[in-house]
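Before any comments, here is the structure.
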Amino acid sequence: TQAVEYGAFRYLIKPVDALELERAVAHAARLSRRTQISEVALGLSGEPTTPAPELFTNDGAVDPLVGRCLLGNFQLLERLGEGSAGRVYRATQLSLDKEVAVKVLHPQLTLHPMFVERFKREAFAASRLSHPNSVQVIEFGRDPALGVFFIVMERIKGRDLQSVLASEGPFSAERAVRILRQVLAALSEAHQTGIVHRDLKPENVILLDDRDDQT
């Protein structure tokens, strides 16, 4: 068995024969039945295309992806944040008229297979989680017109734990336990599926607006 780290996750990999691999793929499909994985995103339809030239902009005031529609179904409305690997957008899933969050891999990183593979594995790992305190992945794919990879997730409306701590001060023991119990429950499911979260911090814990300290 070999431990391999990709992004914020660690995977336990062991050699398997053809039959074991087939069973593992079938099991993964059952775990990910709520997630749609396109053949293009899986790399089954050839190498990804180069991102559209207009996406490589240095103008921080203008985001070239805002207003674009990915795969004809996910309309990007507003940029919510940015990290080292990509940007997160508020979007609408047109087929269901539903608000979602879309994480798009930085166009520059799509030119490097290593980063694309990490992004794919992040999507696959997250899609295996179905705990009520974990963000649900809706779809993962690549837009062939723009040449970008993306992950579609449920849109969480709330404030991150770091912001709440800064504005409301130290929590009571009862409130701290109530929040941590939910975080640990989500982590427990992740560990049972072989996923180790390596970027757990207050900024990555969201307290829902409409529920009492529910994460």
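Order determines the names: the first chain of the structure tokens is A, the second B, and so forth; residues in each chain are numbered 1 upward, and ligands are numbered 1 upward as they are shown.
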
Got a sec to tell me which of stretch 31-198 of chain A DSSP assigns to strand (DSSP E), as a ChimeraX atom specification?
/A:36-37,69-70,74-82,86-93,98-105,137-143,148-154,158-160

What's the 8 Å shell around A:Asp160, counting only C-alpha atoms, without same-chain residues fewer than 6 positions away, as a tab-separated table (two decimals) with N, CA and C atoms, in the first residue's frame?
```
chain	number	residue	atom	x	y	z
A	202	PRO	N	-10.28	27.35	10.40
A	202	PRO	CA	-11.55	28.06	10.57
A	202	PRO	C	-12.10	28.66	9.29
A	203	GLU	N	-11.23	29.13	8.39
A	203	GLU	CA	-11.69	29.73	7.14
A	203	GLU	C	-12.42	28.73	6.25
A	204	ASN	N	-12.18	27.42	6.46
A	204	ASN	CA	-12.80	26.40	5.63
A	204	ASN	C	-14.01	25.74	6.29
A	205	VAL	N	-14.44	26.28	7.41
A	205	VAL	CA	-15.66	25.80	8.08
A	205	VAL	C	-16.71	26.88	7.96
A	206	ILE	N	-17.85	26.56	7.36
A	206	ILE	CA	-18.91	27.53	7.13
A	206	ILE	C	-20.08	27.27	8.07
A	207	LEU	N	-20.52	28.32	8.77
A	207	LEU	CA	-21.70	28.25	9.62
A	207	LEU	C	-22.89	28.78	8.80
```

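For A:Met153, the residues within 7 Å (counting only C-alpha atoms, excluding itself and residues fewer than 3 positions away along the chain) are Val100, Ala101, Val102, Val135, Gln136, Val137 and Ile138 of chain A.
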